[in-house]
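Asks: So here's query.cif, just mmCIF, C-alpha atoms:
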```cif
data_target
loop_
_atom_site.label_atom_id
_atom_site.label_comp_id
_atom_site.auth_asym_id
_atom_site.auth_seq_id
_atom_site.Cartn_x
_atom_site.Cartn_y
_atom_site.Cartn_z
CA MET A 1 19.53 60.26 -145.82
CA SER A 2 16.93 58.55 -147.94
CA GLY A 3 17.27 54.82 -148.32
CA GLU A 4 19.36 54.33 -145.21
CA THR A 5 18.09 51.93 -142.60
CA PHE A 6 17.45 52.95 -139.02
CA TYR A 7 20.68 51.22 -138.00
CA GLU A 8 22.72 52.96 -140.71
CA GLY A 9 21.25 56.32 -139.72
CA LEU A 10 21.97 55.66 -136.06
CA MET A 11 25.60 54.74 -136.85
CA ARG A 12 25.98 57.84 -139.05
CA ARG A 13 24.56 60.17 -136.38
CA GLN A 14 26.75 58.56 -133.73
CA ALA A 15 29.86 59.00 -135.91
CA GLU A 16 28.98 62.67 -136.45
CA THR A 17 29.30 63.27 -132.71
CA TYR A 18 33.03 62.52 -133.02
CA ASN A 19 33.55 65.31 -135.55
CA TYR A 20 33.80 68.46 -133.42
CA LYS A 21 33.40 71.57 -135.53
CA GLY A 22 33.41 74.25 -132.81
CA LYS A 23 36.18 76.55 -131.63
CA LEU A 24 39.18 75.12 -129.85
CA ILE A 25 40.31 78.44 -128.35
CA ILE A 26 38.62 81.60 -127.15
CA ARG A 27 41.01 84.57 -127.24
CA ALA A 28 40.95 87.09 -124.40
CA ASP A 29 39.64 89.81 -126.73
CA GLU A 30 36.67 87.58 -127.67
CA VAL A 31 35.39 87.29 -124.08
CA LYS A 32 32.22 89.34 -123.72
CA TRP A 33 30.96 90.49 -120.32
CA HIS A 34 27.27 90.88 -119.51
CA THR A 35 25.15 91.78 -116.51
CA SER A 36 22.39 89.50 -115.29
CA PRO A 37 20.53 88.89 -112.00
CA GLN A 38 23.71 87.02 -111.04
CA GLY A 39 25.86 90.12 -111.50
CA ARG A 40 28.69 90.64 -114.00
CA ASN A 41 29.65 87.51 -115.92
CA ALA A 42 31.58 86.37 -118.97
CA VAL A 43 30.50 83.10 -120.58
CA VAL A 44 33.55 81.36 -122.04
CA VAL A 45 32.75 77.73 -122.85
CA ASP A 46 29.24 77.50 -124.33
CA ALA A 47 27.58 77.03 -127.71
CA SER A 48 26.98 80.82 -127.74
CA THR A 49 30.75 81.44 -127.87
CA GLY A 50 31.42 78.74 -130.46
CA MET A 51 33.20 76.49 -127.95
CA GLU A 52 30.61 73.76 -127.89
CA ALA A 53 31.41 71.43 -124.99
CA ARG A 54 28.51 69.03 -124.50
CA SER A 55 28.86 68.17 -120.82
CA PHE A 56 30.12 71.39 -119.20
CA GLY A 57 30.34 75.14 -119.61
CA THR A 58 32.51 77.80 -118.00
CA ILE A 59 31.69 81.25 -116.80
CA ILE A 60 33.77 83.93 -115.06
CA THR A 61 31.83 85.76 -112.36
CA GLU A 62 33.02 89.14 -111.15
CA ILE A 63 31.71 90.30 -107.80
CA ALA A 64 31.94 94.04 -107.15
CA PRO A 65 33.79 95.30 -104.06
CA GLY A 66 31.51 94.66 -101.09
CA GLY A 67 28.99 92.99 -103.38
CA GLN A 68 27.32 89.64 -103.78
CA SER A 69 25.88 87.49 -106.53
CA GLY A 70 22.19 86.85 -106.63
CA LEU A 71 20.85 84.04 -104.43
CA HIS A 72 20.02 81.14 -106.74
CA GLU A 73 19.98 77.39 -107.26
CA HIS A 74 20.24 75.16 -110.32
CA THR A 75 19.86 71.53 -111.27
CA PHE A 76 23.46 71.21 -112.46
CA GLU A 77 26.57 70.83 -110.33
CA ALA A 78 29.44 73.30 -110.49
CA ALA A 79 32.97 73.82 -109.23
CA ALA A 80 34.46 77.27 -108.74
CA TYR A 81 38.12 78.32 -108.75
CA VAL A 82 38.99 81.71 -107.22
CA LEU A 83 41.02 83.79 -109.69
CA GLU A 84 41.10 87.08 -107.74
CA GLY A 85 39.97 88.39 -104.39
CA ARG A 86 38.61 86.93 -101.22
CA GLY A 87 35.07 86.19 -100.25
CA ARG A 88 32.48 84.10 -98.54
CA GLU A 89 30.21 81.41 -99.90
CA ILE A 90 26.78 80.51 -98.59
CA VAL A 91 25.77 77.04 -99.78
CA GLY A 92 22.51 75.87 -98.27
CA ASP A 93 23.01 76.14 -94.51
CA GLN A 94 26.83 76.15 -94.73
CA THR A 95 29.11 79.19 -94.93
CA PHE A 96 32.84 79.28 -95.68
CA ASP A 97 35.43 81.84 -96.71
CA TRP A 98 37.54 81.57 -99.87
CA ALA A 99 40.62 83.25 -101.34
CA VAL A 100 42.79 83.17 -104.48
CA GLY A 101 43.65 79.60 -105.48
CA ASP A 102 40.78 77.98 -103.55
CA THR A 103 38.31 75.67 -105.27
CA PHE A 104 34.82 74.98 -103.97
CA TYR A 105 31.93 72.76 -105.04
CA LEU A 106 28.33 73.82 -105.62
CA PRO A 107 26.00 70.81 -105.50
CA PRO A 108 22.84 70.75 -107.61
CA ASN A 109 19.52 71.92 -106.16
CA VAL A 110 21.06 73.90 -103.27
CA LYS A 111 20.61 77.68 -102.87
CA HIS A 112 23.90 79.58 -102.88
CA ARG A 113 25.55 82.98 -103.34
CA HIS A 114 29.05 84.40 -103.70
CA ILE A 115 30.07 87.36 -101.52
CA ASN A 116 33.09 89.63 -102.02
CA LEU A 117 34.59 90.47 -98.62
CA ASP A 118 36.95 93.11 -100.01
CA PRO A 119 35.40 96.60 -99.91
CA ASP A 120 37.94 97.96 -102.41
CA LYS A 121 38.65 95.32 -105.08
CA PRO A 122 36.48 93.05 -107.23
CA ALA A 123 36.65 89.27 -106.84
CA ARG A 124 36.61 86.89 -109.81
CA ILE A 125 35.78 83.19 -109.83
CA LEU A 126 35.92 80.74 -112.72
CA GLN A 127 32.98 78.36 -112.59
CA ILE A 128 32.86 75.04 -114.40
CA GLU A 129 29.22 74.03 -114.65
CA ALA A 130 27.26 71.15 -116.15
CA TRP A 131 24.44 73.22 -117.72
CA PRO A 132 25.00 71.89 -121.29
CA LEU A 133 24.56 68.32 -120.07
CA THR A 134 21.42 69.06 -118.06
CA ILE A 135 19.98 70.99 -121.03
CA ALA A 136 20.64 67.99 -123.32
CA LEU A 137 18.97 65.72 -120.77
CA GLY A 138 15.98 68.05 -120.48
CA ILE A 139 16.45 68.62 -116.73
CA SER A 140 18.11 72.05 -116.61
CA ARG A 141 16.60 74.69 -114.33
CA LEU A 142 17.98 77.85 -112.73
CA ASP A 143 15.86 79.57 -110.10
CA GLN A 144 16.74 83.13 -109.10
CA PHE A 145 15.58 84.17 -105.62
CA GLU A 146 17.34 87.53 -105.18
CA PRO A 147 19.36 89.70 -107.59
CA ALA A 148 23.03 90.62 -107.24
CA GLY A 149 23.87 93.78 -105.33
CA ALA A 150 25.57 95.18 -102.28
CA ALA A 151 26.17 92.62 -99.55
CA PRO A 152 24.33 93.39 -96.29
CA ALA A 153 26.61 94.15 -93.34
CA GLU A 154 25.48 91.04 -91.42
CA LEU A 155 27.00 88.82 -94.14
CA TYR A 156 30.45 90.05 -93.09
CA LYS A 157 30.12 88.65 -89.56
#
```
Represent the structure contained in this file as C-alpha cells.

Replies:
Amino acid sequence: MSGETFYEGLMRRQAETYNYKGKLIIRADEVKWHTSPQGRNAVVVDASTGMEARSFGTIITEIAPGGQSGLHEHTFEAAAYVLEGRGREIVGDQTFDWAVGDTFYLPPNVKHRHINLDPDKPARILQIEAWPLTIALGISRLDQFEPAGAAPAELYK
C-alpha cells in the first residue's frame, strides 16, 4: 500500500498469513488421479487442489499388482501410511516389507521405491511430504532415476 512504512507493510503481510483462504475439505469425487514417472497418483493436499498447506502436501500412490514406483529421491522428507495391500520398500541400502496399517519414513536425499508384492491386487499408500516447504525455501528437488513399471522378479526375494 502506498504511504505505509516498511514496518507497517511487514506487519500487514505477516497478518495476511493468518487468513487462510483455501479449501478446508477435499471431497472424494474431487480427487483426480494422474500417471507420472512415479506411477498412478492422486494429489490431495496441494495448492493445485485448493488445499493450500504451506509446510506439507499429501499424495496417494497406487502401485499396480506386481508393480513398482519409479526409483527416485527428493530433498523433502516424507512419511507413508499403507492404506491397502502389502509391499516392499527399498530406501537407500535398506529393504523392508510393509502391510496395511504400517507407517514408514522416507528421509530426504535418499533413493527409494515402493514395490507391490501382491500379483493380483493394487497397493495404495498415503504419503505426507514436505514439498511445499522446500519449494518455499527454494531447496526443492526431485530426481527420477527409473520410471514406474513391473517389478523385476529378483525384487521379490

Asks: For the PyMOL selection byres ((chain A and resi 63) around 7), applied here, can you spell out every residue it catches as a ChimeraX atom specification?

Replies: /A:39-40,61-62,64-65,67-69,116,122-124

Asks: Set the distance at 9 Å and use all atoms listed in the file: which residues neighbour Pro108 of chain A once local chain neighbours fewer than 3 positions away are removed? I'd like the list as an mmCIF file with C-alpha atoms, in the frame of the given file.

Replies:
```
data_model
loop_
_atom_site.group_PDB
_atom_site.id
_atom_site.type_symbol
_atom_site.label_atom_id
_atom_site.label_comp_id
_atom_site.auth_asym_id
_atom_site.auth_seq_id
_atom_site.Cartn_x
_atom_site.Cartn_y
_atom_site.Cartn_z
ATOM 1 C CA GLU A 73 19.980 77.390 -107.260
ATOM 2 C CA HIS A 74 20.240 75.160 -110.320
ATOM 3 C CA THR A 75 19.860 71.530 -111.270
ATOM 4 C CA PHE A 76 23.460 71.210 -112.460
ATOM 5 C CA GLU A 77 26.570 70.830 -110.330
ATOM 6 C CA ALA A 78 29.440 73.300 -110.490
ATOM 7 C CA LYS A 111 20.610 77.680 -102.870
#
```

Asks: I'd like the neighbourhood of Ala79 of chain A as a ChimeraX atom specification, where a residue qualifies if any of its atoms comes within 12 Å (using only C-alpha atoms), though same-chain residues fewer than 4 positions away should be ignored.

Replies: /A:56-60,102-108,125-130

Asks: Could you jot down the atom CA of Ser36 of chain A to atom CA of Gly50 of chain A separation for me, Å, one decimal place?

Replies: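 Between atom CA of Ser36 of chain A and atom CA of Gly50 of chain A the gap is 20.7 Å.
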
Asks: Could you check how far atom CA of Ala47 of chain A sits from atom CA of Pro132 of chain A, in Å to one decimal?

Replies: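 Going from atom CA of Ala47 of chain A over to atom CA of Pro132 of chain A, I get 8.6 Å.
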
Asks: Decode the PyMOL selection byres ((chain A and resi 87) around 8) for the given file into explicit residues and return them as a VMD selection string.

Replies: chain A and resid 85 to 86 88 to 89 97 to 99 114 to 118 123

Asks: Taking into account only C-alpha atoms, which residue in the set A:Pro37, A:Gly22, A:Gly9, A:Pro119 is nearest to Glu146 of chain A?

Replies: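 Counting only C-alpha atoms, the residue closest to Glu146 of chain A is A:Pro37.
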
Asks: Please, what distance in Å, to one decimal, runs between atom CA of Val110 of chain A and atom CA of Asn41 of chain A?

Replies: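 Between these atoms lies a distance of 20.5 Å.
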
Asks: For Ile90 of chain A, which residue out of A:Met51, A:Leu71, A:Ile26, A:Tyr20 is the nearest one, using all atoms listed in the file?

Replies: A:Leu71
